[in-house]
>>> print(open('input.txt').read())   # compact mmCIF, C-alpha atoms and all ligand atoms
# COMPACT_ATOMS: atom_id res chain seq x y z
CA MET J 231 21.90 22.94 30.24
CA THR J 232 20.15 20.81 27.64
CA CYS J 233 16.86 21.46 26.06
CA ASP J 234 14.12 18.79 26.17
CA PHE J 235 13.21 18.79 22.49
CA HIS J 236 10.93 15.81 22.97
CA ALA J 237 8.75 17.97 25.19
CA LEU J 238 8.80 20.71 22.56
CA ALA J 239 7.63 18.43 19.75
CA ASN J 240 3.96 18.49 18.77
CA GLN J 241 1.99 16.14 20.97
CA GLY J 242 1.02 13.86 18.10
CA ILE J 243 4.66 13.48 17.08
CA GLN J 244 5.70 12.57 20.63
CA GLY J 245 3.47 9.50 20.45
CA LEU J 246 4.76 8.33 17.06
CA HIS J 247 7.10 5.42 16.43
CA PRO J 248 9.28 5.28 13.31
CA TYR J 249 7.89 3.20 10.47
CA GLN J 250 9.52 -0.23 10.34
CA ALA J 251 10.31 -0.96 6.71
CA GLY J 252 11.24 -4.33 5.26
CA LYS J 253 14.91 -5.08 5.81
CA PRO J 254 16.99 -3.98 2.80
CA THR J 255 18.97 -6.73 1.07
CA ASP J 256 22.33 -4.99 1.43
CA GLU J 257 21.77 -4.48 5.16
CA LEU J 258 21.37 -8.24 5.64
CA GLU J 259 24.41 -8.77 3.44
CA ARG J 260 26.46 -6.48 5.68
CA GLU J 261 25.16 -8.00 8.89
CA LEU J 262 25.47 -11.70 8.09
CA GLY J 263 27.96 -11.68 5.23
CA ILE J 264 25.69 -13.82 3.06
CA SER J 265 24.77 -13.36 -0.58
CA ASN J 266 21.99 -14.56 -2.91
CA ILE J 267 19.46 -12.99 -0.61
CA VAL J 268 15.80 -13.23 -1.47
CA LYS J 269 13.77 -10.23 -0.31
CA LEU J 270 10.08 -10.94 0.03
CA ALA J 271 9.40 -8.23 2.58
CA SER J 272 7.86 -5.18 0.92
CA ASN J 273 5.35 -6.40 -1.67
CA GLU J 274 7.49 -5.23 -4.55
CA ASN J 275 7.08 -6.52 -8.08
CA PRO J 276 9.70 -9.27 -8.54
CA LEU J 277 9.82 -8.94 -12.33
CA GLY J 278 12.01 -5.87 -12.41
CA MET J 279 10.95 -2.67 -14.09
CA SER J 280 9.05 -2.48 -17.35
CA PRO J 281 11.56 -2.01 -20.20
CA LEU J 282 9.47 0.90 -21.44
CA ALA J 283 9.81 2.63 -18.07
CA LEU J 284 13.54 1.99 -18.00
CA ALA J 285 13.98 3.44 -21.49
CA ALA J 286 11.98 6.53 -20.50
CA ILE J 287 14.20 7.03 -17.45
CA GLU J 288 17.39 6.71 -19.47
CA LYS J 289 16.14 9.25 -21.95
CA ALA J 290 15.18 11.72 -19.21
CA THR J 291 18.49 11.73 -17.35
CA SER J 292 19.83 14.56 -19.51
CA GLU J 293 17.13 16.83 -18.09
CA LEU J 294 17.91 16.16 -14.43
CA THR J 295 19.44 19.58 -13.92
CA ARG J 296 15.95 21.05 -14.31
CA TYR J 297 13.13 20.95 -11.79
CA PRO J 298 10.36 18.48 -12.62
CA ASP J 299 7.03 19.63 -14.02
CA SER J 300 5.38 20.55 -10.74
CA ASN J 301 1.94 19.85 -12.17
CA GLY J 302 2.83 16.47 -13.66
CA PHE J 303 0.93 17.45 -16.79
CA TYR J 304 1.70 14.39 -18.93
CA LEU J 305 1.18 11.86 -16.17
CA LYS J 306 -2.15 13.37 -15.13
CA GLN J 307 -3.22 13.48 -18.76
CA ALA J 308 -2.25 9.83 -19.24
CA LEU J 309 -4.19 8.88 -16.09
CA ALA J 310 -7.21 10.94 -17.16
CA ASP J 311 -7.22 9.13 -20.52
CA LYS J 312 -6.88 5.75 -18.86
CA TYR J 313 -9.87 6.33 -16.59
CA GLY J 314 -12.02 8.53 -18.81
CA LEU J 315 -11.81 11.32 -16.21
CA THR J 316 -10.29 14.80 -16.26
CA ALA J 317 -6.75 15.75 -15.25
CA GLU J 318 -8.22 18.07 -12.55
CA GLN J 319 -9.34 14.97 -10.65
CA PHE J 320 -5.82 13.69 -10.02
CA THR J 321 -3.33 14.52 -7.28
CA LEU J 322 0.15 13.07 -7.71
CA GLY J 323 2.17 11.91 -4.74
CA ASN J 324 5.63 10.75 -3.77
CA GLY J 325 4.14 7.29 -3.49
CA SER J 326 0.50 7.00 -2.51
CA ASN J 327 1.63 7.31 1.11
CA ASP J 328 2.27 10.94 0.32
CA VAL J 329 -1.32 11.49 -0.80
CA LEU J 330 -2.70 9.56 2.18
CA ASP J 331 -0.83 12.00 4.39
CA LEU J 332 -2.03 15.01 2.38
CA ILE J 333 -5.66 13.92 2.63
CA ALA J 334 -5.41 13.58 6.40
CA ARG J 335 -3.69 16.93 6.84
CA VAL J 336 -6.16 18.74 4.60
CA PHE J 337 -9.28 17.48 6.38
CA VAL J 338 -8.37 16.41 9.91
CA SER J 339 -7.26 18.35 12.98
CA SER J 340 -6.67 17.31 16.56
CA GLU J 341 -10.33 17.54 17.59
CA HIS J 342 -11.44 15.08 14.90
CA GLU J 343 -11.72 11.32 14.62
CA VAL J 344 -10.41 9.04 11.89
CA VAL J 345 -12.01 5.62 11.42
CA PHE J 346 -10.12 2.60 10.11
CA SER J 347 -9.98 -1.13 10.69
CA GLN J 348 -7.89 -3.20 13.03
CA HIS J 349 -5.02 -4.84 11.04
CA ALA J 350 -5.28 -2.10 8.41
CA PHE J 351 -2.35 -0.49 6.61
CA VAL J 352 0.09 1.14 9.04
CA VAL J 353 0.13 4.55 7.39
CA TYR J 354 -3.45 5.29 8.59
CA PRO J 355 -2.56 5.24 12.30
CA ILE J 356 0.68 7.11 11.60
CA VAL J 357 -0.92 10.06 9.80
CA THR J 358 -3.76 10.18 12.33
CA GLN J 359 -1.36 10.21 15.26
CA ALA J 360 0.87 12.82 13.62
CA ILE J 361 -2.06 15.24 13.52
CA GLY J 362 -3.00 14.43 17.09
CA ALA J 363 -6.46 13.26 16.00
CA LYS J 364 -8.27 10.33 17.58
CA ALA J 365 -7.91 6.99 15.83
CA VAL J 366 -11.10 4.95 16.00
CA VAL J 367 -9.91 1.44 15.29
CA VAL J 368 -12.81 -0.87 14.44
CA PRO J 369 -12.28 -4.55 15.32
CA ALA J 370 -11.73 -6.70 12.25
CA LYS J 371 -14.09 -9.43 11.09
CA ASP J 372 -12.34 -12.56 9.77
CA TRP J 373 -9.18 -10.44 9.54
CA GLY J 374 -10.91 -8.01 7.17
CA HIS J 375 -12.77 -4.71 7.46
CA ASP J 376 -16.15 -4.90 9.20
CA LEU J 377 -17.90 -2.25 7.12
CA ASP J 378 -21.13 -2.31 9.14
CA ALA J 379 -19.21 -1.67 12.34
CA MET J 380 -17.13 1.00 10.60
CA ALA J 381 -20.28 2.81 9.47
CA GLU J 382 -21.57 2.68 13.03
CA ALA J 383 -18.29 4.07 14.36
CA ILE J 384 -18.80 7.32 12.46
CA THR J 385 -19.74 10.22 14.74
CA ASP J 386 -20.11 13.98 14.41
CA LYS J 387 -16.37 14.22 14.98
CA THR J 388 -15.40 11.85 12.17
CA ARG J 389 -13.74 13.56 9.23
CA LEU J 390 -12.08 10.66 7.49
CA VAL J 391 -12.44 6.92 6.96
CA PHE J 392 -9.63 4.80 5.52
CA ILE J 393 -10.43 1.57 3.70
CA ALA J 394 -7.74 -0.61 2.12
CA ASN J 395 -9.04 -2.94 -0.55
CA PRO J 396 -7.36 -5.39 -0.69
CA ASN J 397 -5.91 -4.70 2.73
CA ASN J 398 -2.24 -5.02 3.59
CA PRO J 399 -1.02 -7.08 5.51
CA THR J 400 -4.08 -9.35 5.68
CA GLY J 401 -4.82 -9.57 1.94
CA THR J 402 -8.52 -9.46 2.75
CA PHE J 403 -10.94 -8.05 0.23
CA LEU J 404 -14.32 -6.31 0.11
CA SER J 405 -16.83 -6.88 -2.67
CA SER J 406 -18.01 -4.06 -4.86
CA ASP J 407 -21.53 -4.40 -3.42
CA ALA J 408 -20.27 -4.15 0.15
CA LEU J 409 -18.25 -1.03 -0.64
CA TYR J 410 -21.06 0.63 -2.52
CA GLY J 411 -23.47 -0.11 0.32
CA PHE J 412 -21.00 1.46 2.75
CA MET J 413 -20.64 4.62 0.64
CA GLN J 414 -24.41 5.02 0.70
CA LYS J 415 -24.40 5.01 4.48
CA VAL J 416 -21.57 7.50 5.04
CA PRO J 417 -22.57 11.14 5.59
CA GLU J 418 -21.46 13.42 2.79
CA ASN J 419 -19.19 15.47 5.06
CA VAL J 420 -17.04 12.46 5.93
CA VAL J 421 -14.25 11.81 3.44
CA VAL J 422 -13.80 8.16 2.53
CA VAL J 423 -10.37 7.13 1.25
CA LEU J 424 -10.49 3.92 -0.72
CA ASP J 425 -6.88 2.77 -0.87
CA GLU J 426 -6.58 0.49 -3.89
CA ALA J 427 -2.82 -0.12 -3.89
CA TYR J 428 -3.36 -3.74 -4.97
CA TYR J 429 -6.32 -3.12 -7.32
CA GLU J 430 -4.55 -4.48 -10.41
CA TYR J 431 -4.09 -7.89 -8.77
CA LEU J 432 -7.86 -8.41 -8.47
CA SER J 433 -9.63 -10.26 -11.24
CA GLU J 434 -11.83 -8.07 -13.42
CA ASP J 435 -15.03 -9.24 -11.77
CA GLU J 436 -13.58 -8.50 -8.34
CA GLN J 437 -12.49 -4.95 -9.21
CA ALA J 438 -14.99 -2.43 -7.86
CA PRO J 439 -15.97 0.19 -10.47
CA SER J 440 -14.90 2.74 -7.90
CA THR J 441 -13.89 5.50 -10.31
CA SER J 442 -17.43 5.52 -11.69
CA TRP J 443 -18.73 6.19 -8.15
CA LEU J 444 -16.92 9.54 -7.99
CA ALA J 445 -19.76 11.17 -9.90
CA GLN J 446 -22.21 10.05 -7.22
CA PHE J 447 -20.13 10.40 -4.04
CA SER J 448 -18.30 13.72 -3.81
CA ASN J 449 -16.67 12.57 -0.53
CA LEU J 450 -14.91 9.60 -2.16
CA VAL J 451 -11.14 9.71 -2.71
CA ILE J 452 -9.46 6.74 -4.40
CA THR J 453 -5.72 6.19 -4.08
CA ARG J 454 -3.59 3.99 -6.32
CA THR J 455 0.11 3.49 -6.83
CA PHE J 456 2.86 2.57 -9.26
CA SER J 457 4.74 0.78 -6.47
CA LYS J 458 3.10 -2.62 -6.65
CA ALA J 459 1.87 -4.16 -9.91
CA TYR J 460 3.54 -1.41 -11.98
CA GLY J 461 6.89 -2.23 -10.38
CA LEU J 462 8.17 1.28 -9.60
CA ALA J 463 8.37 1.17 -5.78
CA GLY J 464 11.81 2.79 -5.69
CA LEU J 465 10.66 5.77 -7.74
CA ARG J 466 7.84 6.70 -5.37
CA VAL J 467 4.80 7.57 -7.49
CA GLY J 468 1.18 7.28 -6.49
CA TYR J 469 -1.97 9.32 -6.93
CA ALA J 470 -5.40 10.20 -5.65
CA ILE J 471 -8.53 10.36 -7.79
CA SER J 472 -11.28 12.60 -6.46
CA SER J 473 -13.57 15.47 -7.30
CA PRO J 474 -11.72 18.47 -8.78
CA GLU J 475 -12.62 20.37 -5.60
CA ILE J 476 -10.85 17.92 -3.30
CA ALA J 477 -7.91 17.63 -5.72
CA ASP J 478 -7.58 21.41 -5.61
CA LEU J 479 -7.37 21.34 -1.80
CA LEU J 480 -4.78 18.55 -1.80
CA ASN J 481 -2.81 20.44 -4.39
CA ARG J 482 -2.55 23.49 -2.11
CA LEU J 483 -0.69 21.51 0.53
CA ARG J 484 1.31 19.30 -1.83
CA GLN J 485 5.02 20.07 -2.07
CA PRO J 486 5.54 21.67 -5.49
CA PHE J 487 8.01 19.06 -6.76
CA ASN J 488 6.89 16.02 -4.80
CA VAL J 489 7.21 13.70 -7.82
CA ASN J 490 10.60 13.80 -9.51
CA SER J 491 11.26 13.95 -13.26
CA LEU J 492 12.34 10.33 -13.65
CA SER J 493 9.28 9.08 -11.79
CA LEU J 494 6.96 11.17 -13.94
CA VAL J 495 8.26 9.79 -17.24
CA ALA J 496 8.60 6.24 -15.93
CA ALA J 497 4.99 6.23 -14.73
CA VAL J 498 3.69 7.45 -18.09
CA ALA J 499 5.67 4.71 -19.84
CA ALA J 500 4.60 2.05 -17.33
CA LEU J 501 0.93 2.85 -17.99
CA LYS J 502 1.50 1.94 -21.64
CA ASP J 503 3.12 -1.40 -20.91
CA GLN J 504 0.09 -3.65 -20.69
CA GLN J 505 2.22 -6.70 -21.43
CA TYR J 506 4.37 -6.11 -18.36
CA LEU J 507 1.29 -5.58 -16.23
CA GLN J 508 -0.35 -8.78 -17.45
CA GLN J 509 2.86 -10.73 -16.88
CA SER J 510 3.11 -9.35 -13.37
CA ILE J 511 -0.45 -10.33 -12.58
CA ALA J 512 -0.02 -13.84 -14.01
CA LEU J 513 3.22 -14.38 -12.10
CA ASN J 514 1.52 -13.24 -8.92
CA GLN J 515 -1.40 -15.62 -9.40
CA GLN J 516 0.94 -18.57 -9.85
CA GLY J 517 2.94 -17.59 -6.78
CA LEU J 518 -0.16 -17.09 -4.62
CA LEU J 519 -1.34 -20.55 -5.63
CA LEU J 520 2.04 -22.16 -5.00
CA LEU J 521 2.48 -20.65 -1.54
CA SER J 522 -1.14 -21.26 -0.51
CA GLN J 523 -0.79 -24.91 -1.47
CA PHE J 524 2.48 -25.17 0.42
CA PHE J 525 0.92 -23.70 3.57
CA LYS J 526 -2.08 -26.02 3.25
CA GLN J 527 0.03 -29.13 2.73
CA ASN J 528 2.10 -28.29 5.78
CA ALA J 529 -0.85 -27.35 7.96
CA ILE J 530 0.49 -23.81 8.33
CA SER J 531 -2.33 -21.45 9.02
CA TYR J 532 -2.52 -18.50 6.57
CA ILE J 533 -4.91 -15.77 5.54
CA PRO J 534 -6.16 -16.20 1.96
CA SER J 535 -4.94 -13.15 0.06
CA LYS J 536 -5.99 -11.09 -2.95
CA GLY J 537 -2.77 -9.07 -2.93
CA ASN J 538 0.83 -9.91 -3.85
CA PHE J 539 1.65 -11.29 -0.40
CA ILE J 540 0.34 -13.77 2.17
CA SER J 541 0.37 -13.55 5.95
CA PHE J 542 0.93 -16.86 7.70
CA LEU J 543 1.23 -18.04 11.28
CA ALA J 544 4.66 -19.18 12.44
CA PRO J 545 4.10 -22.86 13.34
CA SER J 546 5.85 -22.36 16.69
CA GLY J 547 3.84 -19.20 17.33
CA ASP J 548 7.11 -17.26 17.61
CA ALA J 549 7.21 -15.01 14.54
CA GLN J 550 10.35 -13.14 15.60
CA GLU J 551 12.31 -16.34 15.97
CA LEU J 552 11.18 -17.67 12.58
CA TYR J 553 11.92 -14.28 11.01
CA GLN J 554 15.49 -14.45 12.33
CA GLN J 555 15.93 -18.05 11.24
CA LEU J 556 14.76 -17.19 7.73
CA LEU J 557 17.19 -14.24 7.65
CA HIS J 558 20.03 -16.65 8.36
CA LYS J 559 18.91 -18.64 5.35
CA GLY J 560 18.97 -15.49 3.24
CA VAL J 561 15.21 -14.98 3.06
CA ILE J 562 13.74 -11.67 4.22
CA VAL J 563 10.05 -11.67 5.12
CA ARG J 564 8.13 -9.26 7.33
CA PRO J 565 6.97 -9.76 10.91
CA VAL J 566 3.53 -8.18 11.28
CA GLY J 567 3.35 -8.02 15.06
CA PRO J 568 2.78 -4.22 14.99
CA TYR J 569 -0.50 -4.91 13.14
CA GLN J 570 -1.89 -6.76 16.16
CA MET J 571 -1.11 -10.03 14.44
CA PRO J 572 1.23 -11.71 16.91
CA GLY J 573 2.76 -14.90 15.56
CA TYR J 574 2.23 -13.85 11.95
CA LEU J 575 4.72 -13.14 9.20
CA ARG J 576 3.98 -11.69 5.78
CA VAL J 577 5.71 -13.04 2.70
CA SER J 578 5.55 -11.22 -0.62
CA ILE J 579 5.08 -13.21 -3.81
CA GLY J 580 8.39 -13.41 -5.68
CA THR J 581 9.54 -14.99 -8.89
CA GLU J 582 9.04 -18.74 -9.20
CA GLN J 583 12.62 -19.25 -8.05
CA GLU J 584 12.33 -16.87 -5.09
CA ASN J 585 9.12 -18.58 -3.99
CA GLN J 586 10.87 -21.95 -4.15
CA THR J 587 13.79 -20.61 -2.10
CA PHE J 588 11.33 -19.42 0.55
CA ILE J 589 9.52 -22.77 0.54
CA LYS J 590 12.77 -24.69 0.87
CA ALA J 591 14.05 -22.52 3.72
CA LEU J 592 10.78 -22.69 5.62
CA SER J 593 10.49 -26.45 5.04
CA GLN J 594 13.95 -26.97 6.52
CA LEU J 595 13.11 -24.84 9.53
CA ILE J 596 9.85 -26.58 10.32
CA GLY J 597 11.38 -29.98 9.65
CA SER J 598 9.10 -30.98 6.80
CA ILE J 599 12.10 -31.96 4.63
C1 LIG V 1 2.13 -0.44 -0.46
C2 LIG V 1 0.88 0.21 -0.05
C3 LIG V 1 0.59 1.53 -0.41
C4 LIG V 1 1.43 2.31 -1.33
O1 LIG V 1 2.61 2.70 -1.00
P1 LIG V 1 3.38 3.74 -1.94
O2 LIG V 1 4.61 3.01 -2.33
O3 LIG V 1 3.60 4.89 -1.06
O4 LIG V 1 2.51 4.07 -3.11
C5 LIG V 1 -0.61 2.08 -0.05
N1 LIG V 1 -1.52 1.37 0.63
C6 LIG V 1 -1.30 0.10 0.97
C7 LIG V 1 -2.37 -0.65 1.66
C8 LIG V 1 -0.09 -0.51 0.67
O5 LIG V 1 0.15 -1.76 1.04
>>> encode(input="input.txt", output="structure tokens")
Amino acid sequence: MTCDFHALANQGIQGLHPYQAGKPTDELERELGISNIVKLASNENPLGMSPLALAAIEKATSELTRYPDSNGFYLKQALADKYGLTAEQFTLGNGSNDVLDLIARVFVSSEHEVVFSQHAFVVYPIVTQAIGAKAVVVPAKDWGHDLDAMAEAITDKTRLVFIANPNNPTGTFLSSDALYGFMQKVPENVVVVLDEAYYEYLSEDEQAPSTSWLAQFSNLVITRTFSKAYGLAGLRVGYAISSPEIADLLNRLRQPFNVNSLSLVAAVAALKDQQYLQQSIALNQQGLLLLSQFFKQNAISYIPSKGNFISFLAPSGDAQELYQQLLHKGVIVRPVGPYQMPGYLRVSIGTEQENQTFIKALSQLIGSI
């Protein structure tokens, strides 16, 4: 007699599929026996960690026998100082994915609806499905969020709206005016999550003054992360910025030690390293330009991006085949078929050398050299 555990699982969980992460370098090494692999699959910062963050981690290793500070006092204080807000407005997460999940579980149950855009970040459908709530997926406009249509999709059942700006994997971007106009239309009892994982890569005039809107819109929750421009993806630290009331609710559900000791000190140090941040941004701009020009020159269709990655159309239309061929040349990119983008691959911006390796491999495969 065997038990059908699948049937016992919560209904939302039964419909879930495991998250497909970018292929790890050592996995490809094991599978194909090749070295000098270039991984441009997960939008990580190619510069390596800030030396200040590394030094902070080394210093903190002697304390690893102790539990972390469950309230993340110093990191919240550092964030509050950075933004001119109060520590009570911050919720720390094991990556911002953790806080995205918390927000959904705090506000949404199976009878509710969650609104997000077609081609939007994959975690939104995952957390919605896990709860068993209804995902209202609004068709994209020019690959990006159609905010007018999203506002119209809000009903009495809507509890949550997810907006990624810039969005991953399309790299599309919404202006400050468009976002502000949207916030004005959304009923106060609908929580709007503005996911700004790639905020730092925007130029100053493109960056929405979203934190200043918190005073006006009590239903706004902003999420940011140390995984991208701050280069700490492996440590898993992200955070939400909201009203103290919403932060208090998130904090009730949050696992007490969801951010570990090394991540806490590294994040505080990373915030201080403006030089590293500026270098990362400059490197990304050069890489975006290089790859965009390459795609243009080779008539490869791509989606102009404001993030640290670009999605492009496999010239043959067969993204899986091109993905495999690139793997054999030691270059890992990311197929984005699951985002309703058949034929597309996403490449993260690497170092100058990594970008050149990608360009060379792709050129060989499409026969342009
Ligand atoms: C990468 C990413 C995140 C953040 O991931 P964490 O590593 O969990 O902080 C959040 N939103 C989007 C759109 C992303 O691409």
>>> closest_atom_pairs(input="input.txt", of="range 368-466 of chain J", to="range 476-487 of chain J", cutoff="10 Å", atoms="all atoms listed in the file", output="JSON lines")
{"residue": "J:Val421", "atom": "CA", "partner": "J:Ile476", "partner_atom": "CA", "distance": 9.7}
{"residue": "J:Ser448", "atom": "CA", "partner": "J:Ile476", "partner_atom": "CA", "distance": 8.6}
{"residue": "J:Asn449", "atom": "CA", "partner": "J:Ile476", "partner_atom": "CA", "distance": 8.4}
{"residue": "J:Leu450", "atom": "CA", "partner": "J:Ile476", "partner_atom": "CA", "distance": 9.3}
{"residue": "J:Val451", "atom": "CA", "partner": "J:Ile476", "partner_atom": "CA", "distance": 8.2}
>>> write_last_selection(input="input.txt", atoms="C-alpha atoms", output="short mmCIF file (atom, residue, chain, number, x, y, z; two decimals), in the frame of the given file")
data_model
loop_
_atom_site.label_atom_id
_atom_site.label_comp_id
_atom_site.auth_asym_id
_atom_site.auth_seq_id
_atom_site.Cartn_x
_atom_site.Cartn_y
_atom_site.Cartn_z
CA VAL J 421 -14.25 11.81 3.44
CA SER J 448 -18.30 13.72 -3.81
CA ASN J 449 -16.67 12.57 -0.53
CA LEU J 450 -14.91 9.60 -2.16
CA VAL J 451 -11.14 9.71 -2.71
#
>>> closest_residue(input="input.txt", among="J:Glu436, J:Glu274, J:Glu318, J:Glu430", to="ligand LIG 1 (chain V)", atoms="only C-alpha atoms and all ligand atoms")
J:Glu274
>>> residues_near_ligand(input="input.txt", ligand="ligand LIG 1 (chain V)", cutoff="6 Å", atoms="all atoms listed in the file", output="mmCIF file with C-alpha atoms, keeping the file's coordinate frame")
data_model
loop_
_atom_site.group_PDB
_atom_site.id
_atom_site.type_symbol
_atom_site.label_atom_id
_atom_site.label_comp_id
_atom_site.auth_asym_id
_atom_site.auth_seq_id
_atom_site.Cartn_x
_atom_site.Cartn_y
_atom_site.Cartn_z
ATOM 1 C CA GLY J 325 4.140 7.290 -3.490
ATOM 2 C CA SER J 326 0.500 7.000 -2.510
ATOM 3 C CA ASN J 327 1.630 7.310 1.110
ATOM 4 C CA PHE J 351 -2.350 -0.490 6.610
ATOM 5 C CA ALA J 394 -7.740 -0.610 2.120
ATOM 6 C CA ASN J 397 -5.910 -4.700 2.730
ATOM 7 C CA ASN J 398 -2.240 -5.020 3.590
ATOM 8 C CA ASP J 425 -6.880 2.770 -0.870
ATOM 9 C CA ALA J 427 -2.820 -0.120 -3.890
ATOM 10 C CA THR J 455 0.110 3.490 -6.830
ATOM 11 C CA SER J 457 4.740 0.780 -6.470
ATOM 12 C CA ALA J 463 8.370 1.170 -5.780
ATOM 13 C CA ARG J 466 7.840 6.700 -5.370
ATOM 14 C CA GLY J 468 1.180 7.280 -6.490
#
>>> atom_distance(input="input.txt", atom1="CA of Pro369 in chain J", atom2="CA of Ile471 in chain J")
27.8 Å
>>> closest_residue(input="input.txt", among="J:Ser405, J:Ser347, J:Gln437, J:Ser578", to="Gly252 in chain J", atoms="all atoms listed in the file")
J:Ser578
>>> residues_around(input="input.txt", residues="Lys289 in chain J", least_positions_apart="4", cutoff="12 Å", atoms="only C-alpha atoms", output="PyMOL selection string")
chain J and resi 282-285+293-294+491-492+495-496+499
>>> residues_around(input="input.txt", residues="Lys387 in chain J", least_positions_apart="2", cutoff="8 Å", atoms="only C-alpha atoms", output="ChimeraX atom specification")
/J:341-343,384-385,389
>>> residues_around(input="input.txt", residues="range 537-548 of chain J", least_positions_apart="5", cutoff="7 Å", atoms="all atoms listed in the file", output="PyMOL selection string")
chain J and resi 273+396+399-401+428+431+514+530-532+573-579
>>> decode(input="input.txt", residues="range 524-537 of chain J", atoms="N, CA, C and O atoms", output="PDB file, in the first residue's frame")
ATOM      1  N   PHE J 524      26.458  44.560 -30.895  1.00  0.00           N
ATOM      2  CA  PHE J 524      26.707  43.268 -31.541  1.00  0.00           C
ATOM      3  C   PHE J 524      25.409  42.700 -32.132  1.00  0.00           C
ATOM      4  O   PHE J 524      25.364  42.249 -33.276  1.00  0.00           O
ATOM      5  N   PHE J 525      24.336  42.739 -31.324  1.00  0.00           N
ATOM      6  CA  PHE J 525      23.059  42.210 -31.823  1.00  0.00           C
ATOM      7  C   PHE J 525      22.596  42.999 -33.050  1.00  0.00           C
ATOM      8  O   PHE J 525      22.143  42.427 -34.036  1.00  0.00           O
ATOM      9  N   LYS J 526      22.729  44.323 -32.966  1.00  0.00           N
ATOM     10  CA  LYS J 526      22.302  45.170 -34.086  1.00  0.00           C
ATOM     11  C   LYS J 526      23.083  44.840 -35.346  1.00  0.00           C
ATOM     12  O   LYS J 526      22.510  44.609 -36.407  1.00  0.00           O
ATOM     13  N   GLN J 527      24.408  44.801 -35.201  1.00  0.00           N
ATOM     14  CA  GLN J 527      25.263  44.551 -36.371  1.00  0.00           C
ATOM     15  C   GLN J 527      24.965  43.205 -37.009  1.00  0.00           C
ATOM     16  O   GLN J 527      25.153  43.033 -38.209  1.00  0.00           O
ATOM     17  N   ASN J 528      24.516  42.258 -36.204  1.00  0.00           N
ATOM     18  CA  ASN J 528      24.265  40.922 -36.749  1.00  0.00           C
ATOM     19  C   ASN J 528      22.784  40.657 -36.997  1.00  0.00           C
ATOM     20  O   ASN J 528      22.385  39.511 -37.199  1.00  0.00           O
ATOM     21  N   ALA J 529      22.014  41.730 -36.975  1.00  0.00           N
ATOM     22  CA  ALA J 529      20.573  41.623 -37.231  1.00  0.00           C
ATOM     23  C   ALA J 529      19.901  40.584 -36.334  1.00  0.00           C
ATOM     24  O   ALA J 529      19.026  39.839 -36.772  1.00  0.00           O
ATOM     25  N   ILE J 530      20.377  40.515 -35.081  1.00  0.00           N
ATOM     26  CA  ILE J 530      19.731  39.633 -34.103  1.00  0.00           C
ATOM     27  C   ILE J 530      18.749  40.489 -33.318  1.00  0.00           C
ATOM     28  O   ILE J 530      19.109  41.535 -32.764  1.00  0.00           O
ATOM     29  N   SER J 531      17.518  40.043 -33.291  1.00  0.00           N
ATOM     30  CA  SER J 531      16.514  40.854 -32.639  1.00  0.00           C
ATOM     31  C   SER J 531      16.669  40.744 -31.114  1.00  0.00           C
ATOM     32  O   SER J 531      16.887  39.667 -30.578  1.00  0.00           O
ATOM     33  N   TYR J 532      16.611  41.870 -30.406  1.00  0.00           N
ATOM     34  CA  TYR J 532      16.777  41.872 -28.954  1.00  0.00           C
ATOM     35  C   TYR J 532      15.862  42.919 -28.331  1.00  0.00           C
ATOM     36  O   TYR J 532      15.352  43.801 -29.032  1.00  0.00           O
ATOM     37  N   ILE J 533      15.651  42.791 -27.028  1.00  0.00           N
ATOM     38  CA  ILE J 533      14.793  43.745 -26.341  1.00  0.00           C
ATOM     39  C   ILE J 533      15.686  44.733 -25.582  1.00  0.00           C
ATOM     40  O   ILE J 533      16.427  44.327 -24.684  1.00  0.00           O
ATOM     41  N   PRO J 534      15.648  46.016 -25.954  1.00  0.00           N
ATOM     42  CA  PRO J 534      16.505  46.993 -25.264  1.00  0.00           C
ATOM     43  C   PRO J 534      16.277  46.920 -23.752  1.00  0.00           C
ATOM     44  O   PRO J 534      15.138  46.860 -23.303  1.00  0.00           O
ATOM     45  N   SER J 535      17.372  46.875 -22.991  1.00  0.00           N
ATOM     46  CA  SER J 535      17.267  46.580 -21.569  1.00  0.00           C
ATOM     47  C   SER J 535      17.847  47.666 -20.689  1.00  0.00           C
ATOM     48  O   SER J 535      18.858  48.281 -21.001  1.00  0.00           O
ATOM     49  N   LYS J 536      17.191  47.877 -19.547  1.00  0.00           N
ATOM     50  CA  LYS J 536      17.703  48.792 -18.517  1.00  0.00           C
ATOM     51  C   LYS J 536      18.287  48.014 -17.338  1.00  0.00           C
ATOM     52  O   LYS J 536      18.598  48.592 -16.304  1.00  0.00           O
ATOM     53  N   GLY J 537      18.389  46.702 -17.471  1.00  0.00           N
ATOM     54  CA  GLY J 537      18.922  45.906 -16.364  1.00  0.00           C
ATOM     55  C   GLY J 537      20.373  45.518 -16.602  1.00  0.00           C
ATOM     56  O   GLY J 537      21.114  46.233 -17.293  1.00  0.00           O
TER      57      GLY J 537
END
